[in-house]
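J.: What follows is protein.pdb, PDB, C-alpha atoms.
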ATOM      1  CA  MET A   1       2.463  -1.712  -1.328
ATOM      2  CA  GLN A   2       2.342   2.099  -1.381
ATOM      3  CA  THR A   3      -0.391   4.069   0.339
ATOM      4  CA  GLU A   4      -2.338   6.305  -2.013
ATOM      5  CA  TYR A   5      -2.908   9.841  -0.754
ATOM      6  CA  MET A   6      -4.402  11.572  -3.778
ATOM      7  CA  ALA A   7      -5.585  10.889  -7.277
ATOM      8  CA  GLN A   8      -6.217  13.293 -10.112
ATOM      9  CA  VAL A   9      -7.924  12.168 -13.311
ATOM     10  CA  ARG A  10      -8.560  14.057 -16.546
ATOM     11  CA  TYR A  11     -10.651  12.736 -19.446
ATOM     12  CA  GLU A  12     -10.693  14.137 -22.980
ATOM     13  CA  TRP A  13     -12.328  13.177 -26.263
ATOM     14  CA  PRO A  14     -10.286  15.016 -28.929
ATOM     15  CA  HIS A  15     -12.215  13.191 -31.696
ATOM     16  CA  PRO A  16     -15.472  11.213 -31.611
ATOM     17  CA  GLU A  17     -13.613   7.873 -31.935
ATOM     18  CA  VAL A  18     -10.662   8.731 -29.645
ATOM     19  CA  PHE A  19     -10.368   9.221 -25.888
ATOM     20  CA  THR A  20      -7.518  10.013 -23.524
ATOM     21  CA  ILE A  21      -7.280   9.556 -19.787
ATOM     22  CA  GLU A  22      -4.480  11.048 -17.742
ATOM     23  CA  ALA A  23      -4.241  10.024 -14.089
ATOM     24  CA  LYS A  24      -1.846  10.931 -11.308
ATOM     25  CA  GLN A  25      -1.720   9.026  -8.028
ATOM     26  CA  GLY A  26       0.298  10.473  -5.188
ATOM     27  CA  MET A  27       1.930   8.288  -2.591
ATOM     28  CA  PHE A  28       4.439   8.706   0.173
ATOM     29  CA  GLY A  29       7.822   9.344  -1.430
ATOM     30  CA  GLY A  30       6.586  10.016  -4.952
ATOM     31  CA  TYR A  31       3.771   9.598  -7.411
ATOM     32  CA  ARG A  32       2.539   7.503 -10.327
ATOM     33  CA  GLN A  33       1.352   8.990 -13.608
ATOM     34  CA  CYS A  34      -0.574   7.125 -16.287
ATOM     35  CA  LEU A  35      -1.636   8.078 -19.798
ATOM     36  CA  ILE A  36      -4.263   5.947 -21.538
ATOM     37  CA  VAL A  37      -5.280   6.455 -25.168
ATOM     38  CA  GLY A  38      -8.049   4.531 -26.871
ATOM     39  CA  GLY A  39      -9.577   4.689 -30.283
ATOM     40  CA  GLN A  40     -11.906   2.855 -32.587
ATOM     41  CA  THR A  41      -9.832   0.936 -35.149
ATOM     42  CA  LYS A  42     -12.698  -0.963 -36.850
ATOM     43  CA  ASP A  43     -16.426  -1.386 -36.386
ATOM     44  CA  HIS A  44     -16.921  -2.962 -32.933
ATOM     45  CA  GLU A  45     -13.180  -2.781 -32.171
ATOM     46  CA  THR A  46     -11.278  -0.375 -29.943
ATOM     47  CA  GLN A  47      -7.532  -0.354 -29.328
ATOM     48  CA  ILE A  48      -6.218   0.830 -25.959
ATOM     49  CA  VAL A  49      -2.579   1.705 -25.242
ATOM     50  CA  PHE A  50      -1.137   3.051 -22.019
ATOM     51  CA  LYS A  51       2.067   4.127 -20.334
ATOM     52  CA  VAL A  52       2.718   4.128 -16.591
ATOM     53  CA  LEU A  53       5.406   6.453 -15.229
ATOM     54  CA  GLU A  54       6.750   6.229 -11.691
ATOM     55  CA  TYR A  55       8.456   9.127  -9.910
ATOM     56  CA  GLU A  56      10.116   9.497  -6.551
ATOM     57  CA  THR A  57      10.486  12.759  -4.705
ATOM     58  CA  HIS A  58      13.434  13.753  -2.547
ATOM     59  CA  LEU A  59      13.633  15.707   0.661
ATOM     60  CA  ASP A  60      14.096  19.445   0.158
ATOM     61  CA  VAL A  61      13.625  21.393   3.385
ATOM     62  CA  ASN A  62      13.989  25.168   3.548
ATOM     63  CA  LEU A  63      14.274  26.637   7.059
ATOM     64  CA  GLY A  64      14.622  30.313   6.250
ATOM     65  CA  ILE A  65      18.329  30.899   5.745
ATOM     66  CA  LEU A  66      19.371  27.240   5.990
ATOM     67  CA  ARG A  67      18.432  24.824   3.229
ATOM     68  CA  PHE A  68      18.870  21.056   3.494
ATOM     69  CA  THR A  69      18.750  18.914   0.372
ATOM     70  CA  GLU A  70      19.964  15.483  -0.544
ATOM     71  CA  GLY A  71      21.873  16.949  -3.495
ATOM     72  CA  ARG A  72      19.474  15.370  -5.993
ATOM     73  CA  PRO A  73      16.698  16.883  -8.100
ATOM     74  CA  PRO A  74      13.376  17.114  -6.220
ATOM     75  CA  THR A  75      11.690  14.611  -8.594
ATOM     76  CA  VAL A  76      13.319  11.703 -10.437
ATOM     77  CA  ALA A  77      11.725   9.249 -12.851
ATOM     78  CA  ILE A  78      12.092   5.657 -11.678
ATOM     79  CA  HIS A  79      13.688   4.270 -14.807
ATOM     80  CA  PRO A  80      17.002   2.483 -15.489
ATOM     81  CA  GLN A  81      18.184   5.461 -17.594
ATOM     82  CA  ARG A  82      17.581   7.858 -14.682
ATOM     83  CA  ILE A  83      18.660   5.757 -11.707
ATOM     84  CA  ALA A  84      21.946   3.915 -12.125
ATOM     85  CA  GLN A  85      21.288   1.356  -9.376
ATOM     86  CA  MET A  86      17.658   0.210  -9.591
ATOM     87  CA  THR A  87      16.854  -1.202  -6.160
ATOM     88  CA  LEU A  88      14.290  -3.905  -5.449
ATOM     89  CA  TYR A  89      11.979  -1.114  -4.251
ATOM     90  CA  HIS A  90      12.254   0.669  -7.624
ATOM     91  CA  GLN A  91      11.684  -2.546  -9.584
ATOM     92  CA  THR A  92       8.662  -3.403  -7.431
ATOM     93  CA  ARG A  93       7.146   0.061  -7.933
ATOM     94  CA  LEU A  94       7.452  -0.275 -11.720
ATOM     95  CA  LYS A  95       5.843  -3.730 -11.748
ATOM     96  CA  GLU A  96       3.142  -2.720  -9.278
ATOM     97  CA  GLY A  97       2.104   0.351 -11.299
ATOM     98  CA  LEU A  98       1.867  -1.648 -14.519
ATOM     99  CA  GLN A  99      -0.115  -4.383 -12.799
ATOM    100  CA  ILE A 100      -2.601  -1.965 -11.195
ATOM    101  CA  VAL A 101      -3.339  -0.129 -14.448
ATOM    102  CA  THR A 102      -3.636  -3.365 -16.453
ATOM    103  CA  GLN A 103      -6.119  -4.792 -13.929
ATOM    104  CA  ARG A 104      -8.225  -1.617 -13.914
ATOM    105  CA  ILE A 105      -8.407  -1.504 -17.713
ATOM    106  CA  LYS A 106      -9.403  -5.173 -17.880
ATOM    107  CA  ARG A 107     -12.062  -4.614 -15.214
ATOM    108  CA  ALA A 108     -13.471  -1.614 -17.108
ATOM    109  CA  ILE A 109     -13.613  -3.606 -20.362
ATOM    110  CA  ALA A 110     -15.386  -6.508 -18.622
ATOM    111  CA  GLN A 111     -17.878  -4.122 -17.017
ATOM    112  CA  ALA A 112     -18.592  -2.379 -20.355
ATOM    113  CA  SER A 113     -19.057  -5.753 -22.073
ATOM    114  CA  ALA A 114     -21.463  -6.930 -19.352
ATOM    115  CA  GLU A 115     -23.520  -3.719 -19.650
ATOM    116  CA  LYS A 116     -23.954  -4.253 -23.420
ATOM    117  CA  ARG A 117     -25.517  -7.697 -22.894
TER
END
What does this structure look like when you write it as structure tokens?

T.:
Amino acid sequence: MQTEYMAQVRYEWPHPEVFTIEAKQGMFGGYRQCLIVGGQTKDHETQIVFKVLEYETHLDVNLGILRFTEGRPPTVAIHPQRIAQMTLYHQTRLKEGLQIVTQRIKRAIAQASAEKR
């Protein structure tokens, strides 16, 4: 499991029945970004959709005149279309990010439901 080193969260309500949450969680070797959108679809019904994006960062060291890089872009999306050989580490990061966000949304829904009772 990755160690979190920072988290940034931004909330917006573009319309009275719609909300968005954008979160970014930094970790050693990359970061996780999540976009959550929710909206009222009927009376007493809200639909929530979300997307979790995983990124890895690569070493790019500049020592004045000399510059050492791995020959890759500084940030790469962890996705089969971006990384030809998805390692077990990459697959685990994708599953872990999805699992964490799903659990947090479920916990928030349960807490909101309990508060209404």

J.: Ranking A:Ala23, A:Glu56, A:Gly29, A:Ser113 by minimum distance to Ile83 of chain A and counting all atoms listed in the file, which one comes first?

T.: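 Looking at the shortest contact to Ile83 of chain A, the residue is A:Glu56.
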
J.: Convert the output of the PyMOL selection byres ((chain A and resi 9) around 8) on the shown file into explicit residues, formatted as a list in words.

T.: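 The output of the PyMOL selection byres ((chain A and resi 9) around 8) on this file is Ala7, Gln8, Arg10, Tyr11, Ile21, Glu22, Ala23 and Lys24 of chain A.
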
J.: Taking into account all atoms listed in the file, which residue in the set A:Arg107, A:Gln40, A:Gly30, A:Gln47 is nearest to Val76 of chain A?

T.: A:Gly30

J.: So how far away is atom CA of His58 of chain A from atom CA of Pro74 of chain A, in Å?

T.: 5.0 Å

J.: Could you expand the PyMOL selection byres ((chain A and resi 89) around 12) into the explicit residues it covers here, written as a PyMOL selection string?

T.: chain A and resi 1-2+29+54+56+78-79+85-88+90-96

J.: For Thr20 of chain A, please output as an mmCIF file with C-alpha atoms, in the coordinates of the input all residues within 9 Å (counting only C-alpha atoms; exclusion window: fewer than 3 positions along the same chain).

T.:
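Dumped everything to around-v9.cif:
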data_model
loop_
_atom_site.group_PDB
_atom_site.id
_atom_site.type_symbol
_atom_site.label_atom_id
_atom_site.label_comp_id
_atom_site.auth_asym_id
_atom_site.auth_seq_id
_atom_site.Cartn_x
_atom_site.Cartn_y
_atom_site.Cartn_z
ATOM 1 C CA ARG A 10 -8.560 14.057 -16.546
ATOM 2 C CA TYR A 11 -10.651 12.736 -19.446
ATOM 3 C CA GLU A 12 -10.693 14.137 -22.980
ATOM 4 C CA TRP A 13 -12.328 13.177 -26.263
ATOM 5 C CA PRO A 14 -10.286 15.016 -28.929
ATOM 6 C CA LEU A 35 -1.636 8.078 -19.798
ATOM 7 C CA ILE A 36 -4.263 5.947 -21.538
ATOM 8 C CA VAL A 37 -5.280 6.455 -25.168
ATOM 9 C CA GLY A 38 -8.049 4.531 -26.871
ATOM 10 C CA GLY A 39 -9.577 4.689 -30.283
#

J.: Atom CA of Leu98 of chain A and atom CA of Thr41 of chain A, how far apart in Å?

T.: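 Atom-to-atom, atom CA of Thr41 of chain A and atom CA of Leu98 of chain A are spaced 23.9 Å apart.
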
J.: Measuring atom to atom with all atoms listed in the file, identify which of A:Phe19, A:Phe28, A:Val101, A:Thr75 is nearest to Phe50 of chain A.

T.: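 With all atoms listed in the file as the atom set, the closest residue is A:Val101.
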
J.: Between A:Lys51, A:Arg117, A:Lys106, A:His15, which one has atoms that come closest to Cys34 of chain A, using only C-alpha atoms?

T.: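 Counting only C-alpha atoms, the residue closest to Cys34 of chain A is A:Lys51.
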
J.: What is the atom CA of Ile100 of chain A-atom CA of Arg32 of chain A distance in Å, reported with one decimal?

T.: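 Pair atom CA of Ile100 of chain A / atom CA of Arg32 of chain A returns 10.8 Å.
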
J.: Compare A:Ile105, A:Gln33, A:Gln25, A:Ala84 by their minimum atom-to-atom distance to Ile48 of chain A, counting all atoms listed in the file, and give me the closest one.

T.: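 Smallest separation from Ile48 of chain A among the options: A:Ile105.
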
J.: With distances taken over only C-alpha atoms, which residue among A:Gly26, A:Pro16, A:Tyr31, A:Val49 lies nearest Thr102 of chain A?

T.: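 Looking only at the distances to Thr102 of chain A, the closest residue turns out to be A:Val49.
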
J.: Would it be fine to have segment 16-57 of chain A, with N, CA and C atoms, given as a PDB file, in the first residue's frame?

T.:
ATOM      1  N   PRO A  16     -27.857  24.045  -7.917  1.00  0.00           N
ATOM      2  CA  PRO A  16     -28.359  23.620  -6.607  1.00  0.00           C
ATOM      3  C   PRO A  16     -28.464  22.101  -6.432  1.00  0.00           C
ATOM      4  N   GLU A  17     -28.735  21.362  -7.520  1.00  0.00           N
ATOM      5  CA  GLU A  17     -28.912  19.909  -7.406  1.00  0.00           C
ATOM      6  C   GLU A  17     -27.668  19.119  -7.814  1.00  0.00           C
ATOM      7  N   VAL A  18     -26.565  19.805  -8.101  1.00  0.00           N
ATOM      8  CA  VAL A  18     -25.357  19.132  -8.611  1.00  0.00           C
ATOM      9  C   VAL A  18     -24.144  19.535  -7.776  1.00  0.00           C
ATOM     10  N   PHE A  19     -23.279  18.555  -7.491  1.00  0.00           N
ATOM     11  CA  PHE A  19     -22.022  18.869  -6.808  1.00  0.00           C
ATOM     12  C   PHE A  19     -20.876  18.151  -7.507  1.00  0.00           C
ATOM     13  N   THR A  20     -19.686  18.714  -7.371  1.00  0.00           N
ATOM     14  CA  THR A  20     -18.479  18.064  -7.875  1.00  0.00           C
ATOM     15  C   THR A  20     -17.428  18.091  -6.772  1.00  0.00           C
ATOM     16  N   ILE A  21     -16.652  17.047  -6.722  1.00  0.00           N
ATOM     17  CA  ILE A  21     -15.521  16.972  -5.804  1.00  0.00           C
ATOM     18  C   ILE A  21     -14.324  16.511  -6.626  1.00  0.00           C
ATOM     19  N   GLU A  22     -13.256  17.260  -6.538  1.00  0.00           N
ATOM     20  CA  GLU A  22     -12.011  16.867  -7.190  1.00  0.00           C
ATOM     21  C   GLU A  22     -10.960  16.706  -6.101  1.00  0.00           C
ATOM     22  N   ALA A  23     -10.318  15.557  -6.060  1.00  0.00           N
ATOM     23  CA  ALA A  23      -9.320  15.278  -5.026  1.00  0.00           C
ATOM     24  C   ALA A  23      -8.041  14.780  -5.676  1.00  0.00           C
ATOM     25  N   LYS A  24      -6.927  15.141  -5.058  1.00  0.00           N
ATOM     26  CA  LYS A  24      -5.619  14.694  -5.527  1.00  0.00           C
ATOM     27  C   LYS A  24      -4.828  14.238  -4.311  1.00  0.00           C
ATOM     28  N   GLN A  25      -4.348  13.015  -4.365  1.00  0.00           N
ATOM     29  CA  GLN A  25      -3.593  12.414  -3.268  1.00  0.00           C
ATOM     30  C   GLN A  25      -2.196  12.086  -3.778  1.00  0.00           C
ATOM     31  N   GLY A  26      -1.209  12.738  -3.201  1.00  0.00           N
ATOM     32  CA  GLY A  26       0.166  12.459  -3.576  1.00  0.00           C
ATOM     33  C   GLY A  26       0.701  11.271  -2.820  1.00  0.00           C
ATOM     34  N   MET A  27       1.607  10.566  -3.439  1.00  0.00           N
ATOM     35  CA  MET A  27       2.262   9.426  -2.813  1.00  0.00           C
ATOM     36  C   MET A  27       3.649   9.296  -3.415  1.00  0.00           C
ATOM     37  N   PHE A  28       4.483   8.553  -2.765  1.00  0.00           N
ATOM     38  CA  PHE A  28       5.832   8.358  -3.290  1.00  0.00           C
ATOM     39  C   PHE A  28       5.748   7.733  -4.677  1.00  0.00           C
ATOM     40  N   GLY A  29       6.349   8.365  -5.657  1.00  0.00           N
ATOM     41  CA  GLY A  29       6.384   7.816  -7.008  1.00  0.00           C
ATOM     42  C   GLY A  29       5.195   8.176  -7.865  1.00  0.00           C
ATOM     43  N   GLY A  30       4.326   9.091  -7.400  1.00  0.00           N
ATOM     44  CA  GLY A  30       3.198   9.471  -8.231  1.00  0.00           C
ATOM     45  C   GLY A  30       2.078  10.117  -7.435  1.00  0.00           C
ATOM     46  N   TYR A  31       0.893  10.078  -8.021  1.00  0.00           N
ATOM     47  CA  TYR A  31      -0.272  10.615  -7.340  1.00  0.00           C
ATOM     48  C   TYR A  31      -1.552  10.005  -7.911  1.00  0.00           C
ATOM     49  N   ARG A  32      -2.621  10.176  -7.158  1.00  0.00           N
ATOM     50  CA  ARG A  32      -3.947   9.679  -7.527  1.00  0.00           C
ATOM     51  C   ARG A  32      -4.864  10.885  -7.631  1.00  0.00           C
ATOM     52  N   GLN A  33      -5.672  10.924  -8.680  1.00  0.00           N
ATOM     53  CA  GLN A  33      -6.627  12.011  -8.853  1.00  0.00           C
ATOM     54  C   GLN A  33      -8.013  11.416  -9.017  1.00  0.00           C
ATOM     55  N   CYS A  34      -9.007  12.046  -8.394  1.00  0.00           N
ATOM     56  CA  CYS A  34     -10.361  11.526  -8.420  1.00  0.00           C
ATOM     57  C   CYS A  34     -11.335  12.663  -8.698  1.00  0.00           C
ATOM     58  N   LEU A  35     -12.289  12.410  -9.567  1.00  0.00           N
ATOM     59  CA  LEU A  35     -13.356  13.361  -9.844  1.00  0.00           C
ATOM     60  C   LEU A  35     -14.676  12.670  -9.523  1.00  0.00           C
ATOM     61  N   ILE A  36     -15.463  13.308  -8.666  1.00  0.00           N
ATOM     62  CA  ILE A  36     -16.763  12.773  -8.258  1.00  0.00           C
ATOM     63  C   ILE A  36     -17.819  13.802  -8.650  1.00  0.00           C
ATOM     64  N   VAL A  37     -18.878  13.343  -9.300  1.00  0.00           N
ATOM     65  CA  VAL A  37     -19.989  14.208  -9.673  1.00  0.00           C
ATOM     66  C   VAL A  37     -21.260  13.564  -9.163  1.00  0.00           C
ATOM     67  N   GLY A  38     -22.087  14.358  -8.514  1.00  0.00           N
ATOM     68  CA  GLY A  38     -23.361  13.859  -8.008  1.00  0.00           C
ATOM     69  C   GLY A  38     -24.466  14.831  -8.335  1.00  0.00           C
ATOM     70  N   GLY A  39     -25.647  14.287  -8.513  1.00  0.00           N
ATOM     71  CA  GLY A  39     -26.780  15.150  -8.811  1.00  0.00           C
ATOM     72  C   GLY A  39     -28.088  14.477  -8.470  1.00  0.00           C
ATOM     73  N   GLN A  40     -29.069  15.313  -8.165  1.00  0.00           N
ATOM     74  CA  GLN A  40     -30.393  14.798  -7.856  1.00  0.00           C
ATOM     75  C   GLN A  40     -31.067  14.396  -9.159  1.00  0.00           C
ATOM     76  N   THR A  41     -31.492  13.130  -9.252  1.00  0.00           N
ATOM     77  CA  THR A  41     -32.142  12.630 -10.462  1.00  0.00           C
ATOM     78  C   THR A  41     -33.660  12.557 -10.299  1.00  0.00           C
ATOM     79  N   LYS A  42     -34.135  12.366  -9.071  1.00  0.00           N
ATOM     80  CA  LYS A  42     -35.550  12.341  -8.725  1.00  0.00           C
ATOM     81  C   LYS A  42     -35.677  12.855  -7.302  1.00  0.00           C
ATOM     82  N   ASP A  43     -36.915  13.052  -6.854  1.00  0.00           N
ATOM     83  CA  ASP A  43     -37.107  13.394  -5.446  1.00  0.00           C
ATOM     84  C   ASP A  43     -36.541  12.262  -4.602  1.00  0.00           C
ATOM     85  N   HIS A  44     -35.727  12.596  -3.622  1.00  0.00           N
ATOM     86  CA  HIS A  44     -35.123  11.634  -2.685  1.00  0.00           C
ATOM     87  C   HIS A  44     -34.185  10.643  -3.386  1.00  0.00           C
ATOM     88  N   GLU A  45     -33.600  11.038  -4.520  1.00  0.00           N
ATOM     89  CA  GLU A  45     -32.658  10.167  -5.212  1.00  0.00           C
ATOM     90  C   GLU A  45     -31.515  10.993  -5.797  1.00  0.00           C
ATOM     91  N   THR A  46     -30.305  10.564  -5.503  1.00  0.00           N
ATOM     92  CA  THR A  46     -29.108  11.220  -6.021  1.00  0.00           C
ATOM     93  C   THR A  46     -28.245  10.178  -6.714  1.00  0.00           C
ATOM     94  N   GLN A  47     -27.723  10.528  -7.874  1.00  0.00           N
ATOM     95  CA  GLN A  47     -26.816   9.630  -8.596  1.00  0.00           C
ATOM     96  C   GLN A  47     -25.402  10.172  -8.438  1.00  0.00           C
ATOM     97  N   ILE A  48     -24.465   9.273  -8.157  1.00  0.00           N
ATOM     98  CA  ILE A  48     -23.060   9.641  -7.986  1.00  0.00           C
ATOM     99  C   ILE A  48     -22.223   8.827  -8.965  1.00  0.00           C
ATOM    100  N   VAL A  49     -21.381   9.514  -9.726  1.00  0.00           N
ATOM    101  CA  VAL A  49     -20.436   8.847 -10.633  1.00  0.00           C
ATOM    102  C   VAL A  49     -19.041   9.371 -10.304  1.00  0.00           C
ATOM    103  N   PHE A  50     -18.042   8.534 -10.548  1.00  0.00           N
ATOM    104  CA  PHE A  50     -16.680   8.976 -10.247  1.00  0.00           C
ATOM    105  C   PHE A  50     -15.682   8.288 -11.153  1.00  0.00           C
ATOM    106  N   LYS A  51     -14.524   8.921 -11.272  1.00  0.00           N
ATOM    107  CA  LYS A  51     -13.413   8.388 -12.050  1.00  0.00           C
ATOM    108  C   LYS A  51     -12.150   8.562 -11.230  1.00  0.00           C
ATOM    109  N   VAL A  52     -11.364   7.502 -11.134  1.00  0.00           N
ATOM    110  CA  VAL A  52     -10.091   7.542 -10.412  1.00  0.00           C
ATOM    111  C   VAL A  52      -8.971   7.419 -11.446  1.00  0.00           C
ATOM    112  N   LEU A  53      -8.035   8.341 -11.397  1.00  0.00           N
ATOM    113  CA  LEU A  53      -6.890   8.339 -12.311  1.00  0.00           C
ATOM    114  C   LEU A  53      -5.617   8.171 -11.501  1.00  0.00           C
ATOM    115  N   GLU A  54      -4.760   7.300 -11.950  1.00  0.00           N
ATOM    116  CA  GLU A  54      -3.481   7.042 -11.275  1.00  0.00           C
ATOM    117  C   GLU A  54      -2.344   7.533 -12.169  1.00  0.00           C
ATOM    118  N   TYR A  55      -1.373   8.186 -11.574  1.00  0.00           N
ATOM    119  CA  TYR A  55      -0.211   8.688 -12.310  1.00  0.00           C
ATOM    120  C   TYR A  55       1.059   8.283 -11.588  1.00  0.00           C
ATOM    121  N   GLU A  56       2.101   8.033 -12.371  1.00  0.00           N
ATOM    122  CA  GLU A  56       3.415   7.826 -11.772  1.00  0.00           C
ATOM    123  C   GLU A  56       4.343   8.906 -12.294  1.00  0.00           C
ATOM    124  N   THR A  57       5.256   9.312 -11.439  1.00  0.00           N
ATOM    125  CA  THR A  57       6.229  10.329 -11.819  1.00  0.00           C
ATOM    126  C   THR A  57       7.589   9.665 -11.981  1.00  0.00           C
TER     127      THR A  57
END
